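Colleague: Next comes final-v7.txt, compact mmCIF, C-alpha atoms:
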```txt
# COMPACT_ATOMS: atom_id res chain seq x y z
CA MET N 144 30.75 -69.23 30.53
CA ARG N 145 31.77 -70.32 33.99
CA ASP N 146 29.27 -70.45 36.82
CA ILE N 147 29.98 -68.06 39.72
CA HIS N 148 30.70 -71.11 41.88
CA GLN N 149 33.67 -71.90 39.62
CA LEU N 150 35.38 -68.55 40.15
CA THR N 151 38.62 -68.42 42.12
CA GLN N 152 38.77 -66.62 45.48
CA LYS N 153 40.59 -63.72 43.82
CA GLU N 154 37.93 -63.44 41.12
CA LEU N 155 35.14 -63.65 43.70
CA GLN N 156 36.73 -60.80 45.64
CA ALA N 157 36.95 -58.73 42.45
CA VAL N 158 33.22 -59.28 41.81
CA LYS N 159 32.44 -58.34 45.40
CA ASN N 160 34.54 -55.17 45.15
CA LEU N 161 32.52 -54.04 42.13
CA LYS N 162 29.47 -53.91 44.39
CA LYS N 163 31.26 -51.81 47.01
CA LYS N 164 30.51 -48.14 46.74
CA LEU N 165 31.37 -45.22 48.95
CA ILE N 166 28.33 -43.62 50.55
CA LEU N 167 28.84 -39.88 50.20
CA HIS N 168 26.78 -37.90 52.67
CA ILE N 169 26.42 -34.31 51.38
CA PRO N 170 24.23 -32.38 53.83
CA HIS N 171 25.14 -28.72 53.36
CA SER N 172 25.63 -28.01 49.64
CA SER N 173 22.12 -26.75 48.87
CA HIS N 174 21.00 -23.12 49.13
CA LYS N 175 17.27 -23.83 48.71
CA ILE N 176 14.61 -22.84 51.24
CA PRO N 177 11.58 -24.98 50.30
CA LEU N 178 9.22 -23.53 52.91
CA ASN N 179 9.29 -19.88 54.00
CA LYS N 180 7.08 -20.27 57.08
CA GLY N 181 8.47 -18.83 60.29
CA TYR N 182 11.16 -16.57 58.86
CA VAL N 183 11.13 -13.05 60.31
CA VAL N 184 13.92 -11.49 58.21
CA ASP N 185 13.95 -10.21 54.63
CA GLN N 186 15.37 -12.19 51.71
CA ILE N 187 18.59 -10.14 51.59
CA THR N 188 19.40 -11.02 55.20
CA LEU N 189 18.57 -14.66 54.59
CA ASP N 190 20.70 -14.77 51.44
CA GLN N 191 23.67 -13.34 53.31
CA GLU N 192 23.41 -16.11 55.88
CA ILE N 193 23.11 -18.74 53.14
CA ILE N 194 26.27 -17.43 51.47
CA LYS N 195 28.07 -17.64 54.80
CA LEU N 196 26.98 -21.10 55.93
CA THR N 197 26.58 -23.18 52.77
CA ASP N 198 29.24 -25.79 51.95
CA TRP N 199 29.44 -24.47 48.41
CA TYR N 200 29.90 -26.97 45.56
CA THR N 201 30.58 -29.96 47.79
CA ASP N 202 28.12 -31.92 45.64
CA ASP N 203 30.53 -31.34 42.74
CA LEU N 204 33.84 -31.45 44.60
CA PHE N 205 32.96 -34.90 45.97
CA LEU N 206 31.50 -36.17 42.69
CA PHE N 207 32.75 -39.74 42.40
CA LYS N 208 31.63 -42.51 40.06
CA ASP N 209 31.96 -45.38 42.52
CA SER N 210 29.61 -43.87 45.06
CA ILE N 211 26.09 -43.53 46.38
CA PRO N 212 25.50 -39.81 47.01
CA VAL N 213 22.97 -38.90 49.71
CA LYS N 214 22.43 -35.17 49.31
CA ALA N 215 20.10 -32.89 51.24
CA GLY N 216 18.08 -30.91 48.70
CA PHE N 217 17.55 -28.00 51.07
CA SER N 218 19.70 -25.49 52.94
CA ARG N 219 21.06 -26.25 56.38
CA ILE N 220 19.49 -22.93 57.42
CA PHE N 221 16.13 -24.55 56.71
CA CYS N 222 16.90 -27.96 58.25
CA ASP N 223 20.31 -29.20 59.30
CA THR N 224 20.36 -32.95 58.83
CA GLU N 225 23.65 -33.25 60.72
CA ARG N 226 22.07 -32.02 63.95
CA PHE N 227 20.24 -34.21 66.43
CA SER N 228 16.46 -33.91 66.05
CA ASP N 229 16.13 -33.48 69.82
CA ASP N 230 17.49 -30.10 70.90
CA SER N 231 18.29 -31.47 74.35
CA GLN N 232 20.95 -33.66 72.68
CA GLU N 233 22.28 -30.98 70.32
CA VAL N 234 25.09 -28.72 71.57
CA MET N 235 24.38 -26.04 68.95
CA ALA N 236 20.73 -25.71 70.00
CA LYS N 237 21.73 -23.36 72.82
CA TYR N 238 22.92 -20.93 70.14
CA GLY N 239 19.62 -21.16 68.27
CA MET N 240 21.26 -23.34 65.62
CA GLY N 241 19.87 -26.77 66.35
CA VAL N 242 18.22 -28.94 63.72
CA LEU N 243 16.03 -25.95 62.74
CA TYR N 244 17.98 -22.69 62.79
CA GLU N 245 16.21 -19.91 64.66
CA LYS N 246 19.22 -17.59 64.85
CA SER N 247 21.95 -16.49 62.51
CA ASP N 248 25.66 -16.93 63.15
CA ASP N 249 25.78 -13.52 64.88
CA GLY N 250 22.92 -14.46 67.21
CA SER N 251 20.14 -12.48 65.51
CA VAL N 252 16.70 -14.06 65.31
CA ILE N 253 15.87 -15.22 61.78
CA ARG N 254 12.97 -17.64 62.35
CA GLU N 255 10.31 -18.50 64.90
CA ILE N 256 9.49 -22.19 65.24
CA ASP N 257 6.27 -23.52 66.74
CA THR N 258 5.49 -27.17 67.47
CA LYS N 259 3.54 -27.77 64.26
CA LEU N 260 6.19 -26.24 61.99
CA ARG N 261 8.87 -28.27 63.71
CA GLU N 262 6.94 -31.50 63.24
CA ASP N 263 6.18 -30.72 59.60
CA ILE N 264 9.81 -30.03 58.71
CA LEU N 265 11.17 -33.03 60.58
CA ASN N 266 8.58 -35.39 59.11
CA ASN N 267 8.81 -34.12 55.53
CA TYR N 268 12.51 -33.28 55.22
CA TYR N 269 14.73 -34.43 58.10
CA TRP N 270 13.55 -38.00 58.56
CA PRO N 271 13.19 -38.82 54.83
CA HIS N 272 16.81 -37.70 54.33
CA HIS N 273 18.00 -39.94 57.16
CA GLU N 274 15.99 -42.84 55.79
CA LYS N 275 17.83 -42.48 52.46
CA LEU N 276 21.15 -42.62 54.29
CA ASN N 277 20.05 -45.59 56.36
CA GLN N 278 18.83 -47.43 53.25
CA ALA N 279 22.12 -46.82 51.46
CA VAL N 280 23.97 -48.30 54.44
CA ASN N 281 21.61 -51.29 54.61
CA ASP N 282 22.03 -51.97 50.89
CA GLN N 283 25.81 -51.99 51.18
CA LEU N 284 25.71 -54.23 54.23
CA GLU N 285 23.43 -56.65 52.42
CA SER N 286 25.50 -56.75 49.22
CA ASN N 287 29.01 -57.00 50.69
CA GLY N 288 28.78 -56.99 54.49
CA LYS N 289 30.34 -53.57 54.93
CA ALA N 290 29.45 -49.91 54.44
CA LEU N 291 31.75 -46.88 54.35
CA ILE N 292 30.34 -43.36 54.71
CA VAL N 293 32.34 -40.27 53.77
CA ASP N 294 30.75 -37.20 55.35
CA CYS N 295 31.39 -34.39 52.84
CA HIS N 296 31.86 -30.79 54.00
CA SER N 297 33.75 -27.53 53.64
CA PHE N 298 34.56 -24.82 56.16
CA PRO N 299 35.49 -21.11 56.12
CA SER N 300 39.14 -20.21 56.60
CA ASP N 301 38.20 -17.95 59.53
CA PRO N 302 36.02 -19.33 62.34
CA LEU N 303 32.33 -18.52 62.34
CA ILE N 304 31.12 -16.57 65.36
CA ARG N 305 29.31 -19.64 66.70
CA ASP N 306 32.07 -22.14 65.95
CA LEU N 307 33.08 -24.10 69.03
CA SER N 308 36.73 -23.82 67.95
CA GLN N 309 37.92 -20.24 67.54
CA GLU N 310 41.54 -21.14 66.77
CA LYS N 311 43.04 -19.34 63.79
CA ASN N 312 45.43 -20.76 61.17
CA ARG N 313 43.02 -23.48 60.18
CA PRO N 314 44.33 -26.48 58.21
CA ASP N 315 43.80 -27.07 54.49
CA PHE N 316 41.73 -30.18 55.18
CA ASN N 317 40.09 -31.64 58.26
CA ILE N 318 39.01 -35.21 58.95
CA GLY N 319 36.40 -35.94 61.58
CA THR N 320 36.34 -39.29 63.30
CA ASP N 321 34.17 -41.43 65.55
CA SER N 322 35.85 -43.63 68.15
CA PHE N 323 33.60 -46.58 67.24
CA HIS N 324 33.06 -46.19 63.48
CA THR N 325 36.35 -44.74 62.20
CA PRO N 326 39.03 -47.43 61.99
CA ASP N 327 42.69 -46.52 62.42
CA TYR N 328 43.53 -47.40 58.81
CA LEU N 329 41.31 -44.55 57.53
CA ILE N 330 42.98 -42.03 59.83
CA GLU N 331 46.50 -43.16 58.88
CA ILE N 332 45.71 -43.20 55.16
CA SER N 333 44.34 -39.66 55.42
CA LYS N 334 47.39 -38.38 57.27
CA ALA N 335 49.79 -39.93 54.76
CA PHE N 336 47.82 -38.78 51.71
CA PHE N 337 47.56 -35.10 52.62
CA LYS N 338 51.14 -34.97 53.89
CA GLU N 339 52.37 -36.38 50.58
CA LYS N 340 50.30 -33.79 48.70
CA GLY N 341 51.78 -30.96 50.76
CA TYR N 342 48.58 -30.03 52.57
CA THR N 343 48.03 -29.49 56.27
CA LEU N 344 45.47 -31.74 57.94
CA GLY N 345 43.50 -31.34 61.13
CA VAL N 346 42.27 -34.48 62.88
CA ASP N 347 38.99 -33.63 64.63
CA TRP N 348 40.02 -29.99 64.31
CA PRO N 349 38.42 -27.58 63.71
CA TYR N 350 35.45 -29.97 63.42
CA SER N 351 34.99 -33.46 64.82
CA GLY N 352 32.80 -36.50 64.37
CA SER N 353 31.29 -38.22 61.35
CA ILE N 354 27.71 -39.25 60.66
CA VAL N 355 26.30 -42.75 61.11
CA PRO N 356 22.58 -43.66 60.91
CA LEU N 357 21.04 -44.03 64.36
CA ASN N 358 20.01 -47.62 63.59
CA HIS N 359 23.69 -48.53 63.36
CA TYR N 360 25.29 -45.93 65.63
CA HIS N 361 27.75 -47.60 68.01
CA LYS N 362 26.20 -50.96 67.17
CA SER N 363 27.88 -52.25 64.01
CA LYS N 364 31.62 -52.09 63.38
CA ASN N 365 30.88 -52.99 59.76
CA VAL N 366 29.55 -49.45 59.28
CA GLU N 367 32.59 -47.22 58.93
CA SER N 368 32.53 -43.45 58.67
CA ILE N 369 34.95 -40.57 58.21
CA MET N 370 34.32 -36.89 57.61
CA LEU N 371 36.34 -34.84 55.15
CA GLU N 372 36.16 -31.04 55.37
CA ILE N 373 37.79 -28.74 52.79
CA ASN N 374 39.02 -25.28 53.72
CA ARG N 375 37.07 -22.94 51.45
CA ALA N 376 40.17 -20.81 50.92
CA LEU N 377 41.41 -23.66 48.72
CA TYR N 378 38.64 -23.30 46.14
CA LEU N 379 36.60 -20.11 46.75
CA ASN N 380 37.25 -16.40 46.63
CA GLU N 381 36.04 -15.91 50.19
CA PRO N 382 33.79 -14.58 51.58
CA ARG N 383 31.87 -14.90 48.32
CA ASN N 384 30.77 -18.19 46.80
CA GLN N 385 32.73 -17.61 43.60
CA LYS N 386 35.04 -20.45 42.51
CA SER N 387 38.73 -19.58 42.55
CA SER N 388 41.40 -20.55 40.01
CA ASN N 389 42.36 -23.42 42.35
CA TYR N 390 38.95 -25.08 42.16
CA ILE N 391 39.86 -27.83 39.66
CA LYS N 392 43.03 -28.75 41.52
CA THR N 393 41.08 -29.05 44.77
CA LYS N 394 38.48 -31.24 43.12
CA GLU N 395 41.19 -33.50 41.67
CA THR N 396 42.74 -33.85 45.13
CA VAL N 397 39.42 -34.87 46.66
CA THR N 398 38.79 -37.40 43.87
CA GLU N 399 42.21 -38.96 44.40
CA TYR N 400 41.57 -39.15 48.15
CA LEU N 401 38.24 -40.92 47.59
CA LYS N 402 39.91 -43.42 45.25
CA ILE N 403 42.53 -44.26 47.86
CA VAL N 404 39.93 -44.60 50.60
CA LYS N 405 37.78 -46.90 48.48
CA THR N 406 40.76 -49.07 47.52
CA ALA N 407 41.85 -49.35 51.14
CA CYS N 408 38.34 -50.26 52.25
CA ASN N 409 38.22 -53.03 49.62
CA ASN N 410 41.52 -54.46 50.81
CA VAL N 411 40.80 -54.54 54.53
```
Turn this file's structure into structure tokens for me.

Modeller:
Amino acid sequence: MRDIHQLTQKELQAVKNLKKKLILHIPHSSHKIPLNKGYVVDQITLDQEIIKLTDWYTDDLFLFKDSIPVKAGFSRIFCDTERFSDDSQEVMAKYGMGVLYEKSDDGSVIREIDTKLREDILNNYYWPHHEKLNQAVNDQLESNGKALIVDCHSFPSDPLIRDLSQEKNRPDFNIGTDSFHTPDYLIEISKAFFKEKGYTLGVDWPYSGSIVPLNHYHKSKNVESIMLEINRALYLNEPRNQKSSNYIKTKETVTEYLKIVKTACNNV
């Protein structure tokens, strides 16, 4: 058997590519509330909000063998890992929907947060989740010098009351970008892929941005990130969380997209 030092450049690249995995950040697929402290509404009201705001089945829709999934095991209504921990930096905090939701989408109070509860949730749920994401990025950087995050979401076909964009006729898919961490090749590949498949695509519309761990945010170009959002009308019988007859087709489309993104990342 040949020593690794005897491999050709092409063979070395193939070995390196085997180590490359997409980091799939899945923050909003769970419906679990692990700690009931602070809630001032009944379970029926809370369940209705969970139905409305959960990115249903994104942990399955984005299931991909060549990946490192980083999934929040709790509902965004409990702790939204995509929000800034400091409300002064978070635009949605003024609506009572910062990192710890205190209000529902319609503006009704659902939870009262004191300093201790806030610290407990951030220390036991928010920061451990972000450490997992940061570790996944560090591992990829160490093994092959590059890390690619796909931020995995879905969105309702009609805007939520608190959505910053209230435009109707939402696209089938939406990619979110970051000016520092999303290279042009990812944007162009996404545009071409969904056009070829006959889907409409919003670029930073109706949602924008893509997550990057704070330790690397706007510091390392080797950490790339792109968000993919799926219109729930493609796979759910809205407004319920029941899968539609188009679910499998939607999942196959997402899988094919992830394959193309991974291949492109390996070749750049």

Colleague: Using only C-alpha atoms, find the one residue out of N:Asp327, N:Val411, N:Ser300, N:Tyr200 that sits nearest to Lys386 of chain N.

Modeller: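 The answer is N:Tyr200, which sits nearest to Lys386 of chain N.
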
Colleague: Which residues of segment 298-320 of chain N have any atom within 12 Å of an atom in segment 180-195 of chain N when counting all atoms listed in the file, and what is the closest pair of atoms for each, with the distance in Å to one decimal? Order the rows by chain and rising number and write it as CSV.

Modeller:
```
residue,atom,partner,partner_atom,distance
N:Phe298,CA,N:Lys195,CA,9.8
N:Pro299,CA,N:Lys195,CA,8.3
N:Ser300,CA,N:Lys195,CA,11.5
N:Asp301,CA,N:Lys195,CA,11.2
N:Pro302,CA,N:Lys195,CA,11.1
N:Leu303,CA,N:Lys195,CA,8.7
N:Ile304,CA,N:Lys195,CA,11.0
```

Colleague: Extract, using all atoms listed in the file, all DNA, RNA and protein residues at most 7 Å from Ser351 of chain N, discarding same-chain residues fewer than 4 positions from it, and format them as a PyMOL selection string.

Modeller: chain N and resi 319-320+347

Colleague: For the atom pair atom CA of Glu339 of chain N and atom CA of Ser388 of chain N, what is the interatomic distance in Å to one decimal place?

Modeller: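 Computing the Euclidean distance for atom CA of Glu339 of chain N and atom CA of Ser388 of chain N yields 22.0 Å.
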
Colleague: Any idea what's packed within 9 Å of segment 165-175 of chain N, counting all atoms listed in the file, ignoring anything in its chain fewer than 3 positions away? Could you give it as a PyMOL selection string?

Modeller: chain N and resi 190+193-194+196-202+205-207+209-221+223-225+276+279-280+283+290-297+354+401+404-405

Colleague: One decimal, Å: what's the distance from atom CA of Glu395 of chain N over to atom CA of Asn410 of chain N, could you say?

Modeller: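 Separating atom CA of Glu395 of chain N from atom CA of Asn410 of chain N is a distance of 22.9 Å.
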
Colleague: Could you pull the residues within 10 Å of Phe323 of chain N, counting only C-alpha atoms, minus those fewer than 6 positions along the same chain, as a list in words?

Modeller: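 My reading of the contact set: Tyr360, His361, Lys362, Ser363, Lys364, Val366, Glu367 and Ser368 of chain N.
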
Colleague: To one decimal place, how far is atom CA of Ile264 of chain N from atom CA of Gly241 of chain N in Å?

Modeller: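 Taking atom CA of Ile264 of chain N as the start and atom CA of Gly241 of chain N as the end point, the length is 13.0 Å.
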
Colleague: Can you tell me which residues surround Gly239 of chain N at a distance of at most 10 Å, considering only C-alpha atoms, apart from same-chain residues fewer than 4 positions away, and format the answer as a list in words?

Modeller: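 Non-adjacent residues within range: Asp230, Val234, Met235, Leu243, Tyr244, Glu245, Lys246, Ser247, Asp248, Gly250, Ser251, Val252, Ile253, Arg254 and Arg305 of chain N.
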
Colleague: For a quick check of understanding, using all atoms listed in the file, which of N:Asn409, N:Thr343, N:Ser228, N:Asn179 has the smallest distance to Tyr269 of chain N?

Modeller: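 Looking at the shortest contact to Tyr269 of chain N, the residue is N:Ser228.
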
Colleague: Using N, CA, C and O atoms, give me segment 227-239 of chain N from the structure I just pasted, as a tab-separated table (two decimals), in the first residue's frame.

Modeller:
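Okay, this is what ended up in decode-v1.tsv:
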```tsv
chain	number	residue	atom	x	y	z
N	227	PHE	N	-29.41	37.77	18.23
N	227	PHE	CA	-28.30	38.22	19.06
N	227	PHE	C	-28.69	38.07	20.53
N	227	PHE	O	-29.84	38.30	20.91
N	228	SER	N	-27.75	37.70	21.37
N	228	SER	CA	-28.03	37.52	22.80
N	228	SER	C	-28.29	38.85	23.49
N	228	SER	O	-28.99	38.91	24.50
N	229	ASP	N	-27.76	39.92	22.94
N	229	ASP	CA	-27.94	41.27	23.48
N	229	ASP	C	-29.10	41.95	22.75
N	229	ASP	O	-29.01	42.20	21.54
N	230	ASP	N	-30.17	42.23	23.45
N	230	ASP	CA	-31.35	42.82	22.82
N	230	ASP	C	-31.07	44.17	22.16
N	230	ASP	O	-31.77	44.57	21.22
N	231	SER	N	-30.04	44.87	22.64
N	231	SER	CA	-29.73	46.17	22.04
N	231	SER	C	-29.18	46.02	20.62
N	231	SER	O	-29.19	46.97	19.84
N	232	GLN	N	-28.74	44.80	20.27
N	232	GLN	CA	-28.22	44.53	18.93
N	232	GLN	C	-29.24	43.83	18.04
N	232	GLN	O	-29.00	43.64	16.85
N	233	GLU	N	-30.37	43.43	18.62
N	233	GLU	CA	-31.34	42.60	17.91
N	233	GLU	C	-32.56	43.41	17.49
N	233	GLU	O	-33.31	43.92	18.31
N	234	VAL	N	-32.78	43.52	16.17
N	234	VAL	CA	-33.87	44.34	15.64
N	234	VAL	C	-35.24	43.83	16.06
N	234	VAL	O	-36.17	44.61	16.25
N	235	MET	N	-35.38	42.52	16.24
N	235	MET	CA	-36.68	41.96	16.61
N	235	MET	C	-37.01	42.11	18.09
N	235	MET	O	-38.15	41.84	18.50
N	236	ALA	N	-36.04	42.53	18.89
N	236	ALA	CA	-36.29	42.69	20.33
N	236	ALA	C	-37.34	43.76	20.60
N	236	ALA	O	-38.10	43.67	21.57
N	237	LYS	N	-37.42	44.75	19.74
N	237	LYS	CA	-38.41	45.82	19.96
N	237	LYS	C	-39.84	45.32	19.78
N	237	LYS	O	-40.80	45.97	20.21
N	238	TYR	N	-39.99	44.14	19.16
N	238	TYR	CA	-41.31	43.53	19.02
N	238	TYR	C	-41.55	42.46	20.09
N	238	TYR	O	-42.55	41.73	20.03
N	239	GLY	N	-40.63	42.37	21.05
N	239	GLY	CA	-40.77	41.34	22.08
N	239	GLY	C	-40.39	39.97	21.59
N	239	GLY	O	-40.73	38.96	22.20
```
